[in-house]
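Peer 1: Contents of run-v8.pdb (PDB, C-alpha atoms and all ligand atoms):
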ATOM      1  CA  MET A 244      17.541 -19.839  25.098
ATOM      2  CA  THR A 245      18.156 -19.116  28.786
ATOM      3  CA  THR A 246      20.905 -17.619  30.900
ATOM      4  CA  ARG A 247      21.405 -18.044  34.625
ATOM      5  CA  SER A 248      23.043 -16.030  37.319
ATOM      6  CA  THR A 249      23.401 -17.394  40.774
ATOM      7  CA  VAL A 250      23.606 -16.025  44.265
ATOM      8  CA  SER A 251      25.962 -17.940  46.470
ATOM      9  CA  PRO A 252      27.755 -17.252  49.728
ATOM     10  CA  GLY A 253      31.052 -17.420  47.817
ATOM     11  CA  GLY A 254      33.923 -19.875  47.961
ATOM     12  CA  ASP A 255      33.050 -23.459  47.066
ATOM     13  CA  PHE A 256      29.539 -23.337  48.523
ATOM     14  CA  ARG A 257      26.768 -24.366  46.190
ATOM     15  CA  PRO A 258      24.523 -21.547  44.894
ATOM     16  CA  ARG A 259      21.513 -20.773  47.081
ATOM     17  CA  ALA A 260      19.430 -18.952  44.503
ATOM     18  CA  GLU A 261      19.427 -18.299  40.817
ATOM     19  CA  ALA A 262      17.870 -15.955  38.289
ATOM     20  CA  VAL A 263      16.917 -17.819  35.144
ATOM     21  CA  ILE A 264      16.492 -15.553  32.132
ATOM     22  CA  ASP A 265      14.300 -16.663  29.254
ATOM     23  CA  LEU A 266      15.796 -14.721  26.358
ATOM     24  CA  ASP A 267      13.160 -16.018  23.957
ATOM     25  CA  ALA A 268      10.589 -14.220  26.101
ATOM     26  CA  ILE A 269      12.402 -10.917  25.490
ATOM     27  CA  SER A 270      12.367 -11.558  21.728
ATOM     28  CA  ALA A 271       8.683 -12.501  21.845
ATOM     29  CA  ASN A 272       7.764  -9.432  23.920
ATOM     30  CA  VAL A 273       9.588  -7.088  21.547
ATOM     31  CA  ALA A 274       7.838  -8.705  18.573
ATOM     32  CA  ALA A 275       4.440  -8.420  20.261
ATOM     33  CA  LEU A 276       5.005  -4.767  21.205
ATOM     34  CA  ARG A 277       6.174  -3.970  17.685
ATOM     35  CA  ASP A 278       2.995  -5.514  16.252
ATOM     36  CA  HIS A 279       0.938  -3.557  18.780
ATOM     37  CA  VAL A 280       2.420  -0.232  17.579
ATOM     38  CA  GLY A 281       1.769  -1.051  13.936
ATOM     39  CA  GLY A 282       5.335  -1.978  13.039
ATOM     40  CA  ARG A 283       6.882   1.299  14.167
ATOM     41  CA  ASP A 284      10.545   1.268  15.132
ATOM     42  CA  VAL A 285      11.143  -0.149  18.610
ATOM     43  CA  MET A 286      14.035   1.060  20.751
ATOM     44  CA  ALA A 287      14.561  -1.659  23.349
ATOM     45  CA  VAL A 288      15.815  -0.099  26.577
ATOM     46  CA  VAL A 289      18.677  -2.248  27.861
ATOM     47  CA  LYS A 290      20.222   0.199  30.311
ATOM     48  CA  ALA A 291      21.054  -0.910  33.866
ATOM     49  CA  ASP A 292      22.373  -4.280  32.673
ATOM     50  CA  GLY A 293      19.179  -4.907  30.755
ATOM     51  CA  TYR A 294      17.139  -4.222  33.906
ATOM     52  CA  GLY A 295      19.189  -6.945  35.571
ATOM     53  CA  HIS A 296      18.703  -9.471  32.745
ATOM     54  CA  GLY A 297      22.174  -8.949  31.206
ATOM     55  CA  ILE A 298      22.754  -6.088  28.788
ATOM     56  CA  VAL A 299      24.448  -7.980  25.967
ATOM     57  CA  GLU A 300      22.132 -11.000  26.062
ATOM     58  CA  SER A 301      19.019  -8.815  26.343
ATOM     59  CA  ALA A 302      20.187  -6.633  23.465
ATOM     60  CA  ARG A 303      20.720  -9.665  21.213
ATOM     61  CA  ALA A 304      17.332 -11.063  22.150
ATOM     62  CA  ALA A 305      15.657  -7.696  21.544
ATOM     63  CA  ARG A 306      17.290  -7.369  18.131
ATOM     64  CA  ALA A 307      16.138 -10.906  17.297
ATOM     65  CA  GLY A 308      12.596  -9.848  18.198
ATOM     66  CA  GLY A 309      12.729  -6.888  15.826
ATOM     67  CA  ALA A 310      14.141  -3.987  17.863
ATOM     68  CA  SER A 311      15.782  -1.706  15.309
ATOM     69  CA  TRP A 312      17.174   0.469  18.137
ATOM     70  CA  LEU A 313      18.741  -0.059  21.541
ATOM     71  CA  GLY A 314      18.530   2.578  24.278
ATOM     72  CA  VAL A 315      21.017   2.988  27.112
ATOM     73  CA  ALA A 316      21.711   5.625  29.710
ATOM     74  CA  PHE A 317      25.509   5.733  29.633
ATOM     75  CA  LEU A 318      28.006   5.856  26.803
ATOM     76  CA  ASP A 319      29.932   3.075  28.549
ATOM     77  CA  GLU A 320      26.911   0.832  28.086
ATOM     78  CA  ALA A 321      26.721   1.685  24.382
ATOM     79  CA  LEU A 322      30.434   0.953  23.987
ATOM     80  CA  GLN A 323      29.942  -2.352  25.802
ATOM     81  CA  LEU A 324      27.316  -3.277  23.203
ATOM     82  CA  ARG A 325      29.689  -2.327  20.396
ATOM     83  CA  ALA A 326      32.490  -4.387  21.978
ATOM     84  CA  ALA A 327      30.084  -7.341  22.061
ATOM     85  CA  GLY A 328      29.522  -6.987  18.327
ATOM     86  CA  ASP A 329      26.322  -4.960  18.089
ATOM     87  CA  THR A 330      26.526  -2.676  15.066
ATOM     88  CA  GLY A 331      22.947  -1.354  14.912
ATOM     89  CA  PRO A 332      21.473   1.988  15.952
ATOM     90  CA  VAL A 333      22.020   2.807  19.639
ATOM     91  CA  LEU A 334      21.043   5.942  21.559
ATOM     92  CA  SER A 335      22.896   6.931  24.730
ATOM     93  CA  TRP A 336      21.109   9.567  26.794
ATOM     94  CA  LEU A 337      22.834  10.363  30.058
ATOM     95  CA  ALA A 338      26.175  12.144  30.068
ATOM     96  CA  VAL A 339      28.118  14.534  32.241
ATOM     97  CA  PRO A 340      30.557  17.254  31.166
ATOM     98  CA  GLY A 341      33.842  15.707  30.042
ATOM     99  CA  GLU A 342      32.184  12.611  28.610
ATOM    100  CA  ARG A 343      34.200  10.561  26.063
ATOM    101  CA  TYR A 344      32.053  11.777  23.187
ATOM    102  CA  ASP A 345      34.882  11.180  20.698
ATOM    103  CA  GLU A 346      34.738   7.432  21.390
ATOM    104  CA  GLY A 347      30.971   7.408  21.091
ATOM    105  CA  ILE A 348      31.037   9.303  17.813
ATOM    106  CA  THR A 349      33.637   7.045  16.203
ATOM    107  CA  ALA A 350      31.681   4.007  17.427
ATOM    108  CA  GLY A 351      28.573   5.345  15.673
ATOM    109  CA  VAL A 352      26.586   5.818  18.880
ATOM    110  CA  GLU A 353      23.818   8.423  18.677
ATOM    111  CA  LEU A 354      24.002  10.979  21.477
ATOM    112  CA  ALA A 355      21.273  12.823  23.321
ATOM    113  CA  ALA A 356      21.750  16.551  23.864
ATOM    114  CA  TYR A 357      19.901  18.270  26.693
ATOM    115  CA  SER A 358      21.410  21.750  26.585
ATOM    116  CA  SER A 359      23.371  24.182  24.418
ATOM    117  CA  ALA A 360      26.493  23.575  26.511
ATOM    118  CA  GLN A 361      26.244  19.831  25.946
ATOM    119  CA  LEU A 362      25.567  20.276  22.253
ATOM    120  CA  LEU A 363      28.685  22.425  21.922
ATOM    121  CA  GLU A 364      30.736  19.789  23.684
ATOM    122  CA  ILE A 365      29.465  17.090  21.301
ATOM    123  CA  ALA A 366      30.019  19.315  18.238
ATOM    124  CA  THR A 367      33.568  20.109  19.374
ATOM    125  CA  ALA A 368      34.357  16.416  19.857
ATOM    126  CA  ALA A 369      32.920  15.651  16.416
ATOM    127  CA  ASN A 370      35.030  18.382  14.880
ATOM    128  CA  GLN A 371      38.138  16.974  16.550
ATOM    129  CA  VAL A 372      37.611  13.417  15.353
ATOM    130  CA  GLY A 373      36.562  14.631  11.912
ATOM    131  CA  GLU A 374      33.199  12.852  11.952
ATOM    132  CA  ARG A 375      29.644  14.111  12.096
ATOM    133  CA  ALA A 376      27.928  13.284  15.405
ATOM    134  CA  ALA A 377      24.375  11.967  15.213
ATOM    135  CA  VAL A 378      22.445  13.880  17.863
ATOM    136  CA  GLN A 379      18.935  13.527  19.250
ATOM    137  CA  LEU A 380      17.685  16.629  21.052
ATOM    138  CA  LYS A 381      15.705  16.049  24.215
ATOM    139  CA  LEU A 382      12.853  18.304  25.288
ATOM    140  CA  ASP A 383      11.765  18.299  28.917
ATOM    141  CA  SER A 384       8.027  18.247  28.230
ATOM    142  CA  GLY A 385       7.144  17.952  31.911
ATOM    143  CA  LEU A 386       9.098  15.123  33.527
ATOM    144  CA  GLY A 387      11.493  17.547  35.183
ATOM    145  CA  ARG A 388      14.529  15.389  34.529
ATOM    146  CA  GLY A 389      16.929  15.582  31.544
ATOM    147  CA  GLY A 390      16.180  17.753  28.529
ATOM    148  CA  ALA A 391      15.728  21.401  27.668
ATOM    149  CA  ARG A 392      12.670  23.140  29.066
ATOM    150  CA  PRO A 393      10.412  24.769  26.449
ATOM    151  CA  ASN A 394      11.846  28.198  27.312
ATOM    152  CA  GLU A 395      15.353  26.972  26.326
ATOM    153  CA  TRP A 396      14.255  24.927  23.338
ATOM    154  CA  ALA A 397      14.414  27.698  20.690
ATOM    155  CA  ARG A 398      18.031  28.420  21.636
ATOM    156  CA  LEU A 399      18.983  24.743  21.541
ATOM    157  CA  THR A 400      17.298  24.047  18.199
ATOM    158  CA  ALA A 401      18.806  27.200  16.620
ATOM    159  CA  LEU A 402      22.285  26.213  17.796
ATOM    160  CA  ALA A 403      21.740  22.665  16.542
ATOM    161  CA  ALA A 404      20.681  23.976  13.125
ATOM    162  CA  LYS A 405      23.829  26.097  12.965
ATOM    163  CA  ARG A 406      26.211  23.292  13.956
ATOM    164  CA  GLN A 407      24.422  20.993  11.526
ATOM    165  CA  ALA A 408      25.021  23.538   8.736
ATOM    166  CA  ASP A 409      28.680  23.699   9.844
ATOM    167  CA  GLY A 410      28.880  19.926   9.322
ATOM    168  CA  ASP A 411      29.732  18.911  12.898
ATOM    169  CA  ILE A 412      26.456  17.243  13.810
ATOM    170  CA  GLU A 413      23.334  15.828  12.266
ATOM    171  CA  VAL A 414      20.116  16.072  14.258
ATOM    172  CA  THR A 415      18.494  12.704  13.619
ATOM    173  CA  GLY A 416      15.885  12.820  16.358
ATOM    174  CA  VAL A 417      13.803  14.803  18.802
ATOM    175  CA  TRP A 418      12.441  13.095  21.891
ATOM    176  CA  SER A 419      11.099  13.403  25.401
ATOM    177  CA  HIS A 420      10.084  11.180  28.316
ATOM    178  CA  LEU A 421       6.774  10.791  30.139
ATOM    179  CA  ALA A 422       6.356  11.138  33.891
ATOM    180  CA  ARG A 423       3.259   8.997  34.473
ATOM    181  CA  SER A 424       2.569   6.698  31.561
ATOM    182  CA  ASP A 425       1.999   3.896  34.058
ATOM    183  CA  GLU A 426      -1.278   5.631  34.988
ATOM    184  CA  PRO A 427      -3.349   5.353  31.789
ATOM    185  CA  GLY A 428      -5.398   8.482  31.170
ATOM    186  CA  HIS A 429      -3.399  10.612  33.587
ATOM    187  CA  PRO A 430      -3.767  14.237  32.417
ATOM    188  CA  SER A 431       0.009  14.726  32.336
ATOM    189  CA  ILE A 432       0.179  12.325  29.358
ATOM    190  CA  ALA A 433      -1.967  14.643  27.188
ATOM    191  CA  ASP A 434      -0.172  17.736  28.518
ATOM    192  CA  GLN A 435       3.281  16.314  27.827
ATOM    193  CA  THR A 436       2.228  15.048  24.396
ATOM    194  CA  ALA A 437       0.977  18.530  23.446
ATOM    195  CA  ALA A 438       4.179  20.169  24.733
ATOM    196  CA  PHE A 439       6.236  17.619  22.813
ATOM    197  CA  GLU A 440       4.331  18.180  19.572
ATOM    198  CA  ALA A 441       4.892  21.925  19.930
ATOM    199  CA  GLY A 442       8.610  21.259  20.460
ATOM    200  CA  VAL A 443       8.815  19.074  17.350
ATOM    201  CA  ASP A 444       7.086  21.807  15.293
ATOM    202  CA  GLU A 445       9.527  24.358  16.671
ATOM    203  CA  ALA A 446      12.513  22.168  15.770
ATOM    204  CA  ARG A 447      11.189  21.831  12.217
ATOM    205  CA  ALA A 448      10.648  25.591  12.020
ATOM    206  CA  ALA A 449      14.313  26.016  12.997
ATOM    207  CA  GLY A 450      15.232  24.015   9.895
ATOM    208  CA  LEU A 451      15.786  20.605  11.496
ATOM    209  CA  GLU A 452      14.348  17.446   9.959
ATOM    210  CA  PRO A 453      14.316  14.824  12.724
ATOM    211  CA  ARG A 454      13.638  11.321  11.357
ATOM    212  CA  HIS A 455      13.098   9.837  14.805
ATOM    213  CA  VAL A 456      10.412  11.403  16.971
ATOM    214  CA  HIS A 457       9.771   9.553  20.213
ATOM    215  CA  LEU A 458       8.093   9.859  23.566
ATOM    216  CA  ALA A 459       6.549   6.535  24.645
ATOM    217  CA  ASN A 460       7.953   4.283  27.349
ATOM    218  CA  SER A 461       6.214   1.029  28.324
ATOM    219  CA  GLY A 462       3.000   2.422  29.805
ATOM    220  CA  ALA A 463       2.444   4.612  26.763
ATOM    221  CA  VAL A 464       3.457   1.880  24.333
ATOM    222  CA  LEU A 465       0.760  -0.299  25.857
ATOM    223  CA  ALA A 466      -2.016   2.225  26.333
ATOM    224  CA  ALA A 467      -1.426   5.663  24.745
ATOM    225  CA  PRO A 468      -1.335   5.402  20.926
ATOM    226  CA  GLN A 469      -1.239   9.190  20.559
ATOM    227  CA  THR A 470       2.343   9.070  21.929
ATOM    228  CA  TRP A 471       3.772   6.577  19.447
ATOM    229  CA  PHE A 472       5.095   8.982  16.760
ATOM    230  CA  THR A 473       7.827   7.266  14.658
ATOM    231  CA  LEU A 474       9.443   5.110  17.336
ATOM    232  CA  VAL A 475       8.659   3.742  20.802
ATOM    233  CA  ARG A 476      11.018   3.140  23.710
ATOM    234  CA  PRO A 477       9.813   0.305  25.968
ATOM    235  CA  GLY A 478      11.910  -0.899  28.873
ATOM    236  CA  ILE A 479      10.115  -2.905  31.538
ATOM    237  CA  ALA A 480       7.576  -4.368  29.088
ATOM    238  CA  ILE A 481      10.240  -6.074  26.968
ATOM    239  CA  TYR A 482      11.226  -8.040  30.073
ATOM    240  CA  GLY A 483       7.625  -9.174  30.383
ATOM    241  CA  VAL A 484       6.451  -6.941  33.211
ATOM    242  CA  THR A 485       3.483  -4.606  32.894
ATOM    243  CA  PRO A 486       3.963  -1.166  34.455
ATOM    244  CA  PHE A 487       0.304  -1.009  35.475
ATOM    245  CA  ALA A 488      -0.506  -1.469  39.162
ATOM    246  CA  ASP A 489      -3.484  -3.739  38.454
ATOM    247  CA  GLY A 490      -1.201  -6.168  36.619
ATOM    248  CA  SER A 491      -3.076  -5.816  33.330
ATOM    249  CA  SER A 492      -1.569  -5.531  29.874
ATOM    250  CA  PRO A 493      -3.329  -5.174  26.520
ATOM    251  CA  VAL A 494      -0.388  -7.034  24.978
ATOM    252  CA  PRO A 495       0.319 -10.531  26.305
ATOM    253  CA  LEU A 496       3.786 -10.353  27.884
ATOM    254  CA  ARG A 497       6.002 -13.229  29.003
ATOM    255  CA  ALA A 498       8.075 -12.708  32.135
ATOM    256  CA  ALA A 499      11.725 -13.139  31.189
ATOM    257  CA  MET A 500      13.113 -13.620  34.685
ATOM    258  CA  THR A 501      12.369 -16.414  37.118
ATOM    259  CA  LEU A 502      13.964 -16.283  40.561
ATOM    260  CA  ARG A 503      14.467 -19.674  42.119
ATOM    261  CA  ALA A 504      15.699 -20.686  45.527
ATOM    262  CA  ALA A 505      15.389 -23.670  47.790
ATOM    263  CA  LEU A 506      12.735 -23.111  50.462
ATOM    264  CA  ALA A 507      14.196 -23.014  53.934
ATOM    265  CA  LEU A 508      10.853 -23.296  55.737
ATOM    266  CA  VAL A 509       7.190 -23.706  54.818
ATOM    267  CA  LYS A 510       4.527 -22.785  57.391
ATOM    268  CA  ARG A 511       0.931 -21.652  57.729
ATOM    269  CA  VAL A 512       0.514 -18.128  59.148
ATOM    270  CA  ASP A 513      -2.438 -16.114  60.410
ATOM    271  CA  ALA A 514      -3.546 -13.138  58.402
ATOM    272  CA  GLY A 515      -2.128 -10.109  60.153
ATOM    273  CA  LEU A 516       1.259 -11.530  60.994
ATOM    274  CA  GLY A 517       4.022  -9.219  59.870
ATOM    275  CA  VAL A 518       6.693 -10.565  57.585
ATOM    276  CA  SER A 519      10.214 -10.101  58.854
ATOM    277  CA  THR A 520      11.610  -6.843  60.189
ATOM    278  CA  ALA A 521      10.435  -3.394  59.090
ATOM    279  CA  THR A 522       7.018  -4.595  57.895
ATOM    280  CA  PRO A 523       5.702  -1.821  55.636
ATOM    281  CA  THR A 524       3.158   0.461  57.260
ATOM    282  CA  SER A 525       0.657   2.764  55.607
ATOM    283  CA  PRO A 526       0.768   6.536  56.261
ATOM    284  CA  THR A 527      -1.925   6.053  58.919
ATOM    285  CA  GLY A 528       0.343   3.697  60.780
ATOM    286  CA  ARG A 529      -1.579   0.529  59.876
ATOM    287  CA  ARG A 530       0.465  -2.356  58.719
ATOM    288  CA  ARG A 531      -0.066  -3.253  55.064
ATOM    289  CA  TRP A 532      -1.440  -6.764  55.536
ATOM    290  CA  PRO A 533      -3.126  -7.454  52.208
ATOM    291  CA  TRP A 534       0.061  -6.864  50.271
ATOM    292  CA  CYS A 535       2.050  -9.049  52.614
ATOM    293  CA  ARG A 536      -0.535 -11.802  52.523
ATOM    294  CA  TRP A 537      -0.696 -11.772  48.723
ATOM    295  CA  ASP A 538       3.034 -11.738  48.446
ATOM    296  CA  MET A 539       3.585 -14.539  50.870
ATOM    297  CA  ALA A 540       0.824 -16.756  49.494
ATOM    298  CA  THR A 541       3.214 -18.225  47.005
ATOM    299  CA  VAL A 542       5.718 -18.985  49.713
ATOM    300  CA  PHE A 543       3.286 -20.113  52.394
ATOM    301  CA  PRO A 544       0.829 -22.507  50.676
ATOM    302  CA  GLY A 545      -2.610 -22.259  52.210
ATOM    303  CA  THR A 546      -2.473 -18.564  53.004
ATOM    304  CA  PRO A 547      -5.762 -17.134  51.732
ATOM    305  CA  PRO A 548      -5.257 -14.822  48.739
ATOM    306  CA  ALA A 549      -5.750 -11.148  49.452
ATOM    307  CA  PRO A 550      -8.529  -9.318  47.607
ATOM    308  CA  ASP A 551      -5.999  -7.243  45.726
ATOM    309  CA  ARG A 552      -2.294  -6.466  45.723
ATOM    310  CA  SER A 553      -2.484  -2.908  46.870
ATOM    311  CA  CYS A 554      -3.326  -1.508  50.251
TER     312      CYS A 554
HETATM  313  C1  LIG A 601      14.690   7.814  28.612
HETATM  314  C2  LIG A 601      14.009   6.528  28.891
HETATM  315  N1  LIG A 601      13.215   5.987  27.952
HETATM  316  C3  LIG A 601      12.562   4.820  28.159
HETATM  317  C4  LIG A 601      12.683   4.157  29.360
HETATM  318  C5  LIG A 601      11.913   2.887  29.568
HETATM  319  O1  LIG A 601      10.953   3.070  30.568
HETATM  320  P1  LIG A 601       9.962   1.886  30.975
HETATM  321  O2  LIG A 601      10.775   0.871  31.692
HETATM  322  O3  LIG A 601       8.934   2.544  31.829
HETATM  323  O4  LIG A 601       9.408   1.370  29.701
HETATM  324  C6  LIG A 601      13.504   4.681  30.358
HETATM  325  C7  LIG A 601      13.625   4.003  31.657
HETATM  326  O5  LIG A 601      13.600   4.586  32.696
HETATM  327  C8  LIG A 601      14.178   5.901  30.117
HETATM  328  O6  LIG A 601      14.996   6.444  31.040
END
Would you write the structure of this file as structure tokens?
Peer 2:
Amino acid sequence: MTTRSTVSPGGDFRPRAEAVIDLDAISANVAALRDHVGGRDVMAVVKADGYGHGIVESARAARAGGASWLGVAFLDEALQLRAAGDTGPVLSWLAVPGERYDEGITAGVELAAYSSAQLLEIATAANQVGERAAVQLKLDSGLGRGGARPNEWARLTALAAKRQADGDIEVTGVWSHLARSDEPGHPSIADQTAAFEAGVDEARAAGLEPRHVHLANSGAVLAAPQTWFTLVRPGIAIYGVTPFADGSSPVPLRAAMTLRAALALVKRVDAGLGVSTATPTSPTGRRRWPWCRWDMATVFPGTPPAPDRSC
């Protein structure tokens, strides 16, 4: 099945370009990634309008391919999935104070908690609506983005254990996010994995029993089995794009999006000609020809292929 979105100048003009989305490719990629991780749970990341592929359509395709979970940044996105009829497990991980947690809790959306203040806000909302909130605690194992740093983790897990005993929340998961999984073998992957494992042990020592333990985004799903734990969280790979700069992937992926437009002009160019305004330059001031030449080869037939994509 495919969906299309078009770019047109507006009014009655005919569309000038279109994005054609192959939803079967998303299903096939999810199935292939799930096989690759030995049948572990897959949380398909469909935030940001399914990386531009359409959140609802991508979510359905991912579920059809075997994604038991969906992952989104905002609660609004999770509620959009619910409004479209999705009833399965969904994790929403990016909130600000004053968030509509009550709506998320009654819709059965699992909520990430990054700090004690946020956990209290979620627990209070749960108490008010008279339902237990399912919460997944996030450790900042080294990304430096959302999540509690290891020095705040003991306080967060102790508070979570208390509010769980009070009946306001249930801690279903513990998770973290990698900074550089798109660079296989990068030392930060081992460092973050070790910090994460220590955090999971600490959560268990505080009396929590997280069923879902997860760390791996696409790069790690493809190439770092030690990060797989109980569940993996691929984004870009489910849309058929490898995160690796050399274009490789140990799992065959099918690109889900094809951009199509009528060609306005086809011409042969000399290597070294810049492409349009603001041609990218390297830090040394040299223009980045090989990249441009590679990129334009598909548009300008006859342009010799560059030795590699990077420069
Ligand atoms: C928390 C979280 N997990 C997983 C992903 C998926 O990452 P990727 O597209 O590299 O697989 C993202 C995307 O940025 C994310 O924010």
Peer 1: Nearest to ligand LIG 601 (chain A): which of A:Pro468, A:Gly295, A:Pro477, A:Pro393 is it, counting only C-alpha atoms and all ligand atoms?
Peer 2: A:Pro477
Peer 1: I'd like to know which of A:Leu402, A:Leu465, A:Ala433, A:Met244 is closest to Ile481 (chain A), using only C-alpha atoms.
Peer 2: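 Ranked by minimum distance to Ile481 (chain A), first place goes to A:Leu465.
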Peer 1: Please, which residues have at least one atom within 6 Å of an atom of ligand LIG 601 (chain A), using all atoms listed in the file, listed as a compact mmCIF listing (two decimals) with C-alpha atoms, in the coordinates of the input?
Peer 2:
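Output file part22.txt is given in full below:
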# COMPACT_ATOMS: atom_id res chain seq x y z
CA VAL A 288 15.82 -0.10 26.58
CA HIS A 420 10.08 11.18 28.32
CA ASN A 460 7.95 4.28 27.35
CA SER A 461 6.21 1.03 28.32
CA ARG A 476 11.02 3.14 23.71
CA PRO A 477 9.81 0.30 25.97
CA GLY A 478 11.91 -0.90 28.87
CA ILE A 479 10.12 -2.90 31.54
Peer 1: Determine the nearest neighbour of Ala275 (chain A) from the options A:Gly308, A:Ala438, A:Val378, A:Ser431, counting all atoms listed in the file.
Peer 2: A:Gly308
Peer 1: Quick check on the file I pasted: which residues fall under the PyMOL selection byres (((chain A and resi 423) around 12) and not hetatm)? Write them as a ChimeraX atom specification.
Peer 2: /A:385-387,420-422,424-436,458-463,466-467,486-487
Peer 1: With a distance cut-off of 8 Å and only C-alpha atoms, select the neighbouring residues of Arg283 (chain A), excluding the residue or stretch itself and same-chain residues fewer than 5 positions from it, and output the selection as an mmCIF file with C-alpha atoms, keeping the file's coordinate frame.
Peer 2:
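The resulting file, result28.cif, is reproduced below:
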data_model
loop_
_atom_site.group_PDB
_atom_site.id
_atom_site.type_symbol
_atom_site.label_atom_id
_atom_site.label_comp_id
_atom_site.auth_asym_id
_atom_site.auth_seq_id
_atom_site.Cartn_x
_atom_site.Cartn_y
_atom_site.Cartn_z
ATOM 1 C CA ARG A 277 6.174 -3.970 17.685
ATOM 2 C CA THR A 473 7.827 7.266 14.658
ATOM 3 C CA LEU A 474 9.443 5.110 17.336
ATOM 4 C CA VAL A 475 8.659 3.742 20.802
#
Peer 1: In terms of the shortest atom-to-atom distance over only C-alpha atoms, which of A:Glu445, A:Glu364, A:Glu346, A:Gly351 is closest to Leu382 (chain A)?
Peer 2: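 Counting only C-alpha atoms, the residue closest to Leu382 (chain A) is A:Glu445.
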Peer 1: Counting only C-alpha atoms, figure out which residue out of A:Arg306, A:Arg398, A:His279, A:Arg511 gets nearest to Ala446 (chain A).
Peer 2: A:Arg398
Peer 1: Is it possible to get the axis-aligned box enclosing region 433-445 of chain A (all listed atoms, 8 Å extra per side) as AutoDock Vina command-line options, with centre and edge lengths in Å rounded to one decimal?
Peer 2:
--center_x 3.8 --center_y 19.5 --center_z 21.9 --size_x 27.5 --size_y 25.7 --size_z 29.2
Peer 1: At what distance in Å, to one decimal, does CA of Leu313 (chain A) lie from CA of Pro495 (chain A)?
Peer 2: 21.7 Å
Peer 1: Since I can't run it myself right now, could you work out what the PyMOL selection byres (((chain A and resi 264) around 10) and not hetatm) selects here and report it as a PyMOL selection string?
Peer 2: chain A and resi 244-248+261-263+265-269+295-297+300-301+482+498-502
Peer 1: Hey, can you check how far CA of Thr485 (chain A) sits from CA of Asn272 (chain A)?
Peer 2: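 One can read the CA of Thr485 (chain A) to CA of Asn272 (chain A) distance as 11.1 Å.
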Peer 1: Tell me, in Å to one decimal, how far CA of Val289 (chain A) is from CA of Leu354 (chain A).
Peer 2: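 It comes out at 15.6 Å.
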Peer 1: A:Ser384, A:Gln379, A:Ser270, A:Thr330: which is nearest Ala305 (chain A), counting all atoms listed in the file?
Peer 2: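 Looking only at the distances to Ala305 (chain A), the closest residue turns out to be A:Ser270.
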Peer 1: Give as a PyMOL selection string every residue, naming chains and numbers as the document does, that has an atom within 12 Å of (25.4, 21.4, 21.1), counting only C-alpha atoms.
Peer 2: chain A and resi 344+354-370+376-381+391+396+398-407+409+411-414
